[in-house]
$ cat entry31.txt   # compact mmCIF, C-alpha atoms (C1' of nucleotides)
# COMPACT_ATOMS: atom_id res chain seq x y z
CA MET A 1 23.18 76.20 -2.17
CA LYS A 2 21.28 75.93 -5.41
CA GLN A 3 19.72 72.74 -4.12
CA LEU A 4 18.65 74.45 -0.90
CA LEU A 5 17.02 77.33 -2.76
CA THR A 6 15.24 74.95 -5.08
CA HIS A 7 13.95 73.01 -2.12
CA LEU A 8 12.73 76.17 -0.39
CA LYS A 9 11.00 77.44 -3.50
CA ASN A 10 9.30 74.08 -3.69
CA ILE A 11 7.75 74.65 -0.30
CA HIS A 12 6.66 78.21 -0.99
CA HIS A 13 7.31 81.00 -3.48
CA LEU A 14 10.24 83.30 -2.65
CA SER A 15 10.92 86.73 -4.13
CA GLU A 16 14.29 87.39 -5.79
CA THR A 17 15.22 89.75 -2.95
CA ILE A 18 14.74 87.08 -0.34
CA GLN A 19 16.56 84.46 -2.37
CA GLU A 20 19.45 86.87 -2.59
CA GLN A 21 19.39 87.44 1.18
CA LEU A 22 19.19 83.75 1.99
CA GLN A 23 22.43 83.07 0.17
CA HIS A 24 24.29 84.92 2.89
CA CYS A 25 22.48 83.34 5.81
CA PHE A 26 23.60 79.74 5.38
CA THR A 27 27.12 78.38 5.71
CA GLN A 28 28.31 75.12 4.29
CA LEU A 29 29.48 72.23 6.45
CA VAL A 30 31.17 69.09 5.20
CA LEU A 31 31.51 66.32 7.77
CA PRO A 32 32.73 62.72 7.74
CA ARG A 33 30.83 59.56 8.59
CA ASN A 34 30.10 58.88 12.27
CA GLU A 35 30.57 62.49 13.33
CA LEU A 36 28.04 63.80 15.88
CA LEU A 37 26.25 66.86 14.51
CA ILE A 38 24.43 67.34 17.81
CA ALA A 39 25.26 65.79 21.16
CA GLU A 40 23.01 65.11 24.13
CA GLY A 41 23.21 67.79 26.78
CA LYS A 42 24.32 70.59 24.44
CA ILE A 43 22.03 73.40 23.40
CA CYS A 44 21.30 73.36 19.72
CA ARG A 45 21.74 76.76 18.11
CA HIS A 46 21.51 75.86 14.45
CA LEU A 47 19.12 74.45 11.94
CA TYR A 48 20.70 72.36 9.18
CA PHE A 49 19.70 71.59 5.63
CA LEU A 50 21.00 68.20 4.53
CA GLU A 51 22.17 68.50 0.94
CA GLN A 52 23.96 65.19 0.65
CA GLY A 53 24.23 62.14 2.91
CA CYS A 54 22.14 60.61 5.67
CA LEU A 55 22.04 60.66 9.44
CA ARG A 56 20.10 59.42 12.43
CA GLY A 57 18.70 60.83 15.67
CA PHE A 58 19.03 58.64 18.73
CA TYR A 59 18.80 58.85 22.48
CA ASN A 60 19.94 56.69 25.35
CA LEU A 61 17.44 54.58 27.23
CA ASP A 62 18.75 52.37 30.04
CA GLY A 63 22.17 52.26 28.40
CA LYS A 64 20.80 51.35 24.97
CA GLU A 65 20.67 53.58 21.93
CA VAL A 66 17.20 54.14 20.55
CA THR A 67 17.12 55.50 17.01
CA HIS A 68 13.94 57.46 16.42
CA TRP A 69 14.38 59.12 13.07
CA PHE A 70 16.54 59.27 9.96
CA GLY A 71 17.41 62.26 7.82
CA PHE A 72 18.13 62.18 4.09
CA GLU A 73 18.80 64.61 1.26
CA ASN A 74 16.62 67.74 1.39
CA ASP A 75 15.59 67.28 5.00
CA PHE A 76 15.91 70.02 7.57
CA VAL A 77 17.51 68.52 10.61
CA THR A 78 18.24 69.58 14.15
CA SER A 79 17.11 68.62 17.61
CA PHE A 80 13.85 70.50 17.22
CA HIS A 81 13.16 70.33 20.91
CA SER A 82 16.44 71.97 21.79
CA PHE A 83 16.43 74.40 18.86
CA ILE A 84 12.95 75.68 19.71
CA THR A 85 13.17 75.76 23.49
CA GLN A 86 16.92 76.38 23.82
CA GLU A 87 17.07 73.68 26.47
CA PRO A 88 19.82 71.03 26.32
CA ALA A 89 19.23 68.38 23.68
CA VAL A 90 18.08 64.96 24.84
CA GLU A 91 19.15 63.35 21.60
CA ASN A 92 22.25 62.86 19.49
CA ILE A 93 22.44 63.28 15.75
CA GLN A 94 25.05 61.15 14.07
CA LEU A 95 26.08 61.06 10.42
CA MET A 96 25.66 57.65 8.84
CA GLU A 97 27.54 58.83 5.74
CA GLY A 98 29.80 61.72 4.93
CA CYS A 99 27.45 64.71 4.59
CA VAL A 100 27.15 68.14 3.04
CA LEU A 101 25.04 70.44 5.20
CA TRP A 102 24.04 74.10 5.24
CA ALA A 103 23.68 75.70 8.65
CA ILE A 104 21.70 78.73 9.76
CA SER A 105 21.82 80.06 13.31
CA ARG A 106 18.74 80.65 15.38
CA GLU A 107 19.45 84.36 15.54
CA THR A 108 19.82 84.68 11.79
CA LEU A 109 16.65 82.70 11.22
CA ASN A 110 14.76 84.82 13.74
CA GLY A 111 15.97 87.92 11.93
CA LEU A 112 14.57 86.59 8.66
CA LEU A 113 11.31 85.61 10.33
CA ASP A 114 10.92 89.10 11.73
CA LYS A 115 11.78 90.82 8.49
CA TYR A 116 9.91 88.74 5.94
CA HIS A 117 6.35 87.48 6.15
CA GLU A 118 7.28 85.18 3.27
CA VAL A 119 9.91 83.40 5.35
CA GLU A 120 7.48 83.08 8.22
CA ARG A 121 4.99 81.55 5.80
CA LEU A 122 7.54 79.14 4.43
CA THR A 123 8.48 78.08 7.93
CA ARG A 124 4.86 77.61 8.94
CA ILE A 125 4.24 75.41 5.90
CA ALA A 126 7.39 73.40 6.57
CA TYR A 127 6.16 72.77 10.10
CA GLU A 128 2.83 71.61 8.74
CA GLN A 129 4.63 69.10 6.57
CA TYR A 130 6.87 67.86 9.35
CA TYR A 131 3.92 67.60 11.70
CA LEU A 132 1.97 65.47 9.24
CA ARG A 133 4.98 63.26 8.61
CA LEU A 134 5.42 62.63 12.31
CA GLU A 135 1.70 62.04 12.82
CA GLU A 136 1.65 59.51 10.03
CA ARG A 137 4.52 57.61 11.59
CA TYR A 138 2.81 57.76 14.94
CA VAL A 139 -0.49 56.41 13.69
CA ASN A 140 1.25 53.77 11.62
CA GLY A 141 3.06 52.47 14.65
CA GLN A 142 0.26 51.79 17.09
CA PHE A 143 -1.07 48.25 17.23
CA LYS A 144 1.01 46.82 14.42
CA THR A 145 2.93 43.56 14.50
CA ALA A 146 6.65 43.51 13.78
CA ALA A 147 5.97 42.09 10.32
CA GLU A 148 3.42 44.78 9.49
CA LEU A 149 5.79 47.53 10.61
CA TYR A 150 8.51 46.20 8.38
CA GLU A 151 6.23 45.75 5.37
CA ASN A 152 5.02 49.29 5.89
CA LEU A 153 8.57 50.55 5.86
CA LEU A 154 9.24 48.66 2.64
CA LYS A 155 6.18 50.19 1.03
CA ARG A 156 6.46 53.77 2.24
CA THR A 157 10.15 54.48 2.69
CA PRO A 158 12.10 51.78 0.85
CA HIS A 159 15.13 54.07 0.49
CA ILE A 160 15.77 53.59 4.21
CA ILE A 161 16.51 49.90 3.75
CA GLU A 162 19.12 50.63 1.16
CA ARG A 163 21.19 52.98 3.23
CA VAL A 164 20.71 52.19 6.91
CA PRO A 165 22.12 49.24 8.91
CA LEU A 166 19.43 46.82 10.07
CA GLY A 167 20.23 47.38 13.73
CA TYR A 168 19.20 51.03 13.46
CA ILE A 169 16.12 50.15 11.46
CA ALA A 170 15.00 47.64 14.08
CA SER A 171 15.30 50.30 16.76
CA TYR A 172 13.47 52.84 14.59
CA LEU A 173 10.63 50.35 14.19
CA GLY A 174 10.59 49.67 17.92
CA MET A 175 11.73 46.05 17.86
CA SER A 176 14.90 44.10 18.63
CA GLN A 177 17.39 43.45 15.90
CA GLU A 178 16.77 39.70 16.20
CA THR A 179 13.05 40.13 15.64
CA LEU A 180 13.65 42.23 12.53
CA SER A 181 16.03 39.62 11.23
CA ARG A 182 13.45 36.86 11.71
CA VAL A 183 10.71 38.93 10.11
CA ARG A 184 12.89 39.46 7.06
CA SER A 185 13.76 35.78 6.76
CA ARG A 186 10.07 34.89 6.76
CA LEU A 187 9.17 37.07 3.74
CA MET B 188 -14.42 84.14 23.00
CA LYS B 189 -12.53 85.88 25.74
CA GLN B 190 -10.92 82.58 26.62
CA LEU B 191 -9.85 82.05 23.01
CA LEU B 192 -8.29 85.52 22.78
CA THR B 193 -6.47 85.01 26.06
CA HIS B 194 -5.13 81.71 24.82
CA LEU B 195 -3.95 83.23 21.55
CA LYS B 196 -2.26 86.14 23.28
CA ASN B 197 -0.52 83.59 25.45
CA ILE B 198 1.03 82.04 22.37
CA HIS B 199 2.09 85.34 20.80
CA HIS B 200 1.37 89.03 21.15
CA LEU B 201 -1.57 90.35 19.11
CA SER B 202 -2.34 93.98 18.26
CA GLU B 203 -5.73 95.42 19.22
CA THR B 204 -6.68 95.62 15.55
CA ILE B 205 -6.14 91.94 15.03
CA GLN B 206 -7.92 91.01 18.23
CA GLU B 207 -10.86 93.03 17.00
CA GLN B 208 -10.77 91.25 13.61
CA LEU B 209 -10.51 87.80 15.15
CA GLN B 210 -13.77 88.27 17.05
CA HIS B 211 -15.63 88.11 13.75
CA CYS B 212 -13.78 85.14 12.36
CA PHE B 213 -14.83 82.47 14.84
CA THR B 214 -18.33 81.12 15.39
CA GLN B 215 -19.47 79.31 18.48
CA LEU B 216 -20.58 75.70 18.47
CA VAL B 217 -22.25 73.87 21.35
CA LEU B 218 -22.52 70.11 20.91
CA PRO B 219 -23.67 67.21 23.07
CA ARG B 220 -21.68 64.20 24.27
CA ASN B 221 -20.92 61.47 21.72
CA GLU B 222 -21.46 63.73 18.71
CA LEU B 223 -18.92 63.33 15.89
CA LEU B 224 -17.19 66.62 15.17
CA ILE B 225 -15.36 65.08 12.23
CA ALA B 226 -16.14 61.84 10.46
CA GLU B 227 -13.84 59.55 8.49
CA GLY B 228 -14.09 60.14 4.75
CA LYS B 229 -15.25 63.75 4.99
CA ILE B 230 -13.02 66.68 4.14
CA CYS B 231 -12.33 68.85 7.11
CA ARG B 232 -12.83 72.53 6.38
CA HIS B 233 -12.61 73.99 9.87
CA LEU B 234 -10.22 74.40 12.71
CA TYR B 235 -11.78 74.33 16.17
CA PHE B 236 -10.79 75.84 19.47
CA LEU B 237 -12.06 73.75 22.37
CA GLU B 238 -13.25 76.12 25.09
CA GLN B 239 -14.99 73.58 27.29
CA GLY B 240 -15.21 69.77 27.30
CA CYS B 241 -13.07 66.97 25.98
CA LEU B 242 -12.93 64.76 22.90
CA ARG B 243 -10.94 62.01 21.26
CA GLY B 244 -9.53 61.25 17.81
CA PHE B 245 -9.79 57.66 16.66
CA TYR B 246 -9.53 55.60 13.52
CA ASN B 247 -10.60 52.12 12.52
CA LEU B 248 -8.04 49.36 12.25
CA ASP B 249 -9.30 45.89 11.33
CA GLY B 250 -12.73 46.68 12.71
CA LYS B 251 -11.36 48.05 15.97
CA GLU B 252 -11.29 51.64 17.12
CA VAL B 253 -7.84 52.99 17.87
CA THR B 254 -7.83 56.19 19.90
CA HIS B 255 -4.69 58.19 19.19
CA TRP B 256 -5.20 61.51 20.91
CA PHE B 257 -7.39 63.44 23.31
CA GLY B 258 -8.35 67.10 23.25
CA PHE B 259 -9.10 69.24 26.30
CA GLU B 260 -9.83 72.86 27.14
CA ASN B 261 -7.69 75.35 25.16
CA ASP B 262 -6.63 72.85 22.53
CA PHE B 263 -6.97 73.50 18.84
CA VAL B 264 -8.53 70.45 17.29
CA THR B 265 -9.25 69.18 13.81
CA SER B 266 -8.08 66.38 11.60
CA PHE B 267 -4.86 68.18 10.79
CA HIS B 268 -4.12 65.87 7.91
CA SER B 269 -7.43 66.60 6.24
CA PHE B 270 -7.47 70.29 7.16
CA ILE B 271 -4.03 70.88 5.70
CA THR B 272 -4.19 68.69 2.62
CA GLN B 273 -7.95 68.91 2.00
CA GLU B 274 -8.05 65.17 1.47
CA PRO B 275 -10.75 63.06 3.17
CA ALA B 276 -10.14 62.52 6.88
CA VAL B 277 -8.92 59.12 7.98
CA GLU B 278 -9.96 59.72 11.55
CA ASN B 279 -13.07 60.52 13.54
CA ILE B 280 -13.30 63.10 16.28
CA GLN B 281 -15.89 62.33 18.91
CA LEU B 282 -16.96 64.40 21.90
CA MET B 283 -16.50 62.60 25.21
CA GLU B 284 -18.43 65.35 26.99
CA GLY B 285 -20.74 68.13 25.92
CA CYS B 286 -18.44 70.78 24.42
CA VAL B 287 -18.22 74.46 23.62
CA LEU B 288 -16.12 75.07 20.52
CA TRP B 289 -15.19 78.00 18.31
CA ALA B 290 -14.84 77.28 14.61
CA ILE B 291 -12.88 79.08 11.91
CA SER B 292 -13.00 78.05 8.27
CA ARG B 293 -9.91 77.36 6.24
CA GLU B 294 -10.70 80.24 3.91
CA THR B 295 -11.11 82.71 6.73
CA LEU B 296 -7.90 81.52 8.37
CA ASN B 297 -6.02 81.75 5.08
CA GLY B 298 -7.29 85.29 4.69
CA LEU B 299 -5.90 86.20 8.09
CA LEU B 300 -2.60 84.47 7.33
CA ASP B 301 -2.28 86.48 4.10
CA LYS B 302 -3.17 89.73 5.70
CA TYR B 303 -1.28 89.62 8.98
CA HIS B 304 2.28 88.56 9.53
CA GLU B 305 1.39 88.40 13.25
CA VAL B 306 -1.19 85.70 12.64
CA GLU B 307 1.25 83.77 10.52
CA ARG B 308 3.76 84.02 13.35
CA LEU B 309 1.23 82.85 15.90
CA THR B 310 0.32 79.89 13.73
CA ARG B 311 3.96 79.00 13.19
CA ILE B 312 4.60 79.04 16.92
CA ALA B 313 1.49 76.99 17.60
CA TYR B 314 2.75 74.39 15.13
CA GLU B 315 6.09 74.33 16.89
CA GLN B 316 4.33 73.57 20.15
CA TYR B 317 2.12 70.87 18.66
CA TYR B 318 5.11 69.33 16.92
CA LEU B 319 7.08 69.12 20.16
CA ARG B 320 4.10 67.65 21.98
CA LEU B 321 3.71 64.93 19.39
CA GLU B 322 7.43 64.23 19.31
CA GLU B 323 7.50 63.86 23.06
CA ARG B 324 4.68 61.35 22.96
CA TYR B 325 6.43 59.51 20.18
CA VAL B 326 9.73 59.24 21.95
CA ASN B 327 8.05 58.33 25.21
CA GLY B 328 6.26 55.44 23.56
CA GLN B 329 9.11 53.49 21.98
CA PHE B 330 10.50 50.59 24.00
CA LYS B 331 8.44 51.08 27.11
CA THR B 332 6.56 48.39 29.01
CA ALA B 333 2.84 48.71 29.64
CA ALA B 334 3.50 49.65 33.27
CA GLU B 335 5.99 52.36 32.31
CA LEU B 336 3.59 53.85 29.78
CA TYR B 337 0.86 54.06 32.36
CA GLU B 338 3.11 55.56 35.02
CA ASN B 339 4.27 58.12 32.50
CA LEU B 340 0.70 59.07 31.78
CA LEU B 341 0.01 59.45 35.49
CA LYS B 342 3.02 61.71 35.86
CA ARG B 343 2.69 63.83 32.75
CA THR B 344 -1.00 64.06 31.98
CA PRO B 345 -2.91 62.96 35.08
CA HIS B 346 -5.99 64.94 33.99
CA ILE B 347 -6.57 62.32 31.31
CA ILE B 348 -7.27 59.60 33.87
CA GLU B 349 -9.93 61.68 35.54
CA ARG B 350 -12.01 62.31 32.46
CA VAL B 351 -11.46 59.49 29.99
CA PRO B 352 -12.80 55.88 30.13
CA LEU B 353 -10.05 53.32 30.64
CA GLY B 354 -10.82 51.57 27.37
CA TYR B 355 -9.86 54.68 25.42
CA ILE B 356 -6.78 55.23 27.55
CA ALA B 357 -5.59 51.68 26.94
CA SER B 358 -5.92 52.21 23.20
CA TYR B 359 -4.14 55.58 23.42
CA LEU B 360 -1.26 53.88 25.22
CA GLY B 361 -1.17 51.09 22.64
CA MET B 362 -2.24 48.22 24.85
CA SER B 363 -5.35 46.11 25.40
CA GLN B 364 -7.87 47.17 27.97
CA GLU B 365 -7.18 44.01 29.97
CA THR B 366 -3.48 44.77 30.19
CA LEU B 367 -4.15 48.29 31.42
CA SER B 368 -6.52 46.92 34.03
CA ARG B 369 -3.88 44.48 35.29
CA VAL B 370 -1.21 47.15 35.35
CA ARG B 371 -3.45 49.36 37.46
CA SER B 372 -4.26 46.58 39.90
CA ARG B 373 -0.56 45.95 40.47
CA LEU B 374 0.29 49.50 41.59
C1' DG C 375 43.71 38.05 -0.45
C1' DC C 376 43.76 37.96 4.88
C1' DG C 377 42.46 39.18 9.23
C1' DT C 378 39.92 42.02 12.34
C1' DG C 379 35.89 44.10 13.76
C1' DA C 380 31.25 45.10 12.75
C1' DT C 381 26.82 43.41 11.28
C1' DT C 382 23.42 39.95 10.75
C1' DT C 383 21.42 35.49 11.54
C1' DT C 384 20.07 31.51 14.21
C1' DG C 385 18.68 28.77 18.28
C1' DA C 386 16.84 27.97 22.93
C1' DC C 387 14.34 29.75 26.29
C1' DC C 388 11.45 33.13 28.84
C1' DA C 389 8.57 37.16 29.97
C1' DA C 390 5.11 40.35 28.51
C1' DT C 391 1.04 41.07 26.39
C1' DG C 392 -3.01 39.67 23.61
C1' DT C 393 -7.39 37.05 23.18
C1' DC C 394 -11.62 35.13 24.56
C1' DA C 395 -15.05 34.47 27.88
C1' DA C 396 -17.28 35.31 32.00
C1' DA C 397 -18.08 37.86 36.22
C1' DA C 398 -18.42 42.09 38.71
C1' DG C 399 -19.26 46.83 38.97
C1' DT C 400 -21.17 51.27 37.29
C1' DT C 401 -24.30 54.48 35.04
C1' DC C 402 -28.32 55.83 32.84
C1' DT C 403 -33.13 55.77 32.02
C1' DG C 404 -37.83 55.32 32.50
C1' DC D 405 -35.85 51.55 42.11
C1' DA D 406 -35.35 47.93 38.46
C1' DG D 407 -33.40 46.69 34.37
C1' DA D 408 -30.53 47.46 30.46
C1' DA D 409 -26.36 48.80 28.64
C1' DC D 410 -21.92 49.90 29.16
C1' DT D 411 -17.34 49.63 31.56
C1' DT D 412 -13.93 47.30 34.16
C1' DT D 413 -11.87 43.28 36.21
C1' DT D 414 -10.44 38.51 36.45
C1' DG D 415 -8.97 33.92 34.77
C1' DA D 416 -7.03 30.56 31.46
C1' DC D 417 -4.41 30.05 27.73
C1' DA D 418 -1.90 31.29 23.26
C1' DT D 419 1.26 34.14 20.86
C1' DT D 420 4.58 37.56 20.05
C1' DG D 421 8.62 39.34 20.74
C1' DG D 422 12.76 39.88 24.00
C1' DT D 423 17.23 38.14 25.77
C1' DC D 424 21.49 35.86 25.71
C1' DA D 425 24.93 33.41 23.40
C1' DA D 426 27.04 31.56 19.50
C1' DA D 427 27.67 31.09 14.64
C1' DA D 428 27.79 33.04 10.08
C1' DT D 429 28.43 36.73 7.00
C1' DC D 430 30.16 41.06 5.45
C1' DA D 431 33.37 45.06 4.79
C1' DC D 432 37.41 47.48 5.06
C1' DG D 433 42.38 48.44 5.86
C1' DC D 434 46.77 46.65 5.07

$ encode --input "entry31.txt" --output "structure tokens"
Amino acid sequence: MKQLLTHLKNIHHLSETIQEQLQHCFTQLVLPRNELLIAEGKICRHLYFLEQGCLRGFYNLDGKEVTHWFGFENDFVTSFHSFITQEPAVENIQLMEGCVLWAISRETLNGLLDKYHEVERLTRIAYEQYYLRLEERYVNGQFKTAAELYENLLKRTPHIIERVPLGYIASYLGMSQETLSRVRSRL
Amino acid sequence: MKQLLTHLKNIHHLSETIQEQLQHCFTQLVLPRNELLIAEGKICRHLYFLEQGCLRGFYNLDGKEVTHWFGFENDFVTSFHSFITQEPAVENIQLMEGCVLWAISRETLNGLLDKYHEVERLTRIAYEQYYLRLEERYVNGQFKTAAELYENLLKRTPHIIERVPLGYIASYLGMSQETLSRVRSRL
DNA sequence: GCGTGATTTTGACCAATGTCAAAAGTTCTG
DNA sequence: CAGAACTTTTGACATTGGTCAAAATCACGC
């Protein structure tokens, strides 16, 4: 909880009152490796703060799993599409390690957003950051060779290599596991 | 201006007071085809609402232009990276038609965000929408063949084909112009 | 430590897409 | 309307990366 508050204050200043309030809005969740936090087809009613551990988002394409993002410590995670639109999720979120998470429901969050301009501000800024992150990944992906994509990953997010199986990384980079393996052997 | 207000009210309710205020915050801009709205290396101090016309964002990669998005009527456009971080833009925004735009400066927008929770809310919701749009494009891109990407474009955003040269579309879809041409001839 | 199952690597082959160059078609301008 | 400039198509060929199958390596429970 302390870690969550610190993270939030890092994004934007929060008054003591609001910090106090927030304490009661999140509930802790401790889950083992391989658990599904969110499953395809279900509506996602919570936003999660990942205090400890790592996880991946993936969807099914022609019977194959495609991993499209990873979450690590201090990330907010959920199926944003489902959480925002309240339509069924198209993706699954699976823990790659045992995790400690803090959950807040959509209703509780909406209550905070209504009540406090500060929380609305914080959320807006968080979205800015997540938007830029996604945009960077997007731009970095177009027109790159497999080798360039991997080198980029090494340079920008080396922590991923240390904690994620290569099969998932290959999928995340948009290539087959065999190609990733060959790229690595050629370095 | 009417069109802009209608669009904003569509995103989130706005009180009469705020609508009144907003009138004074945007200034109109009429620019001819091919003009650069934003140039690589410059810091982007404005957000634009595109009332009429269309434009593209592109960056240079090994001497080649890579087009990564298009803007049409009722889109907010800017180099979000530069606008948010106030670092130099890495992309160019070029008008593909003569355009009518409404500009608001970062300072003016920040003033509104400070003053009105409603504007902050509207901005947060707009970010949600833009995030989901980008995520959808991202997910739709991974592991698709050239033909699938093109068919997807036809299905989801057919207006693009009508107004954008095929060379830009090919780049947007991440393929060479020749490949796009062959895909089209095979349909 | 041993065995089982998961992960990663390697090899052979093939399909998709890129590149370069030229031809054909289109649009704009004076 | 002619010519120039740009856009799109077509062809030949090279390259990248995918697929399938098997081997090698690793990791964990007993």

$ interface_residues --input "entry31.txt" --of "chain A" --to "chain B" --cutoff "8 Å" --atoms "only C-alpha atoms" --output "ChimeraX atom specification"
/A:68,80-81,84,117,120-121,123-124,127-128,130-132,134-135,138-139,142-143,174-175

$ interface_residues --input "entry31.txt" --of "chain C" --to "chain A" --cutoff "10 Å" --atoms "all atoms listed in the file" --output "number ranges by chain"
C: 381-384

$ write_last_selection --input "entry31.txt" --atoms "C-alpha atoms (C1' of nucleotides)" --output "PDB file, keeping the file's coordinate frame"
ATOM      1  C1'  DT C 381      26.820  43.410  11.280  1.00  0.00           C
ATOM      2  C1'  DT C 382      23.420  39.950  10.750  1.00  0.00           C
ATOM      3  C1'  DT C 383      21.420  35.490  11.540  1.00  0.00           C
ATOM      4  C1'  DT C 384      20.070  31.510  14.210  1.00  0.00           C
TER       5       DT C 384
END

$ calpha_fit_rmsd --input "entry31.txt" --fixed "chain B" --moving "chain A"
0.0 Å

$ interface_residues --input "entry31.txt" --of "chain D" --to "chain A" --cutoff "9 Å" --atoms "all atoms listed in the file" --output "MDAnalysis selection string"
chainID D and resid 420:422

$ atom_distance --input "entry31.txt" --atom1 "atom CA of Met1 of chain A" --atom2 "atom CA of Gln23 of chain A"
7.3 Å
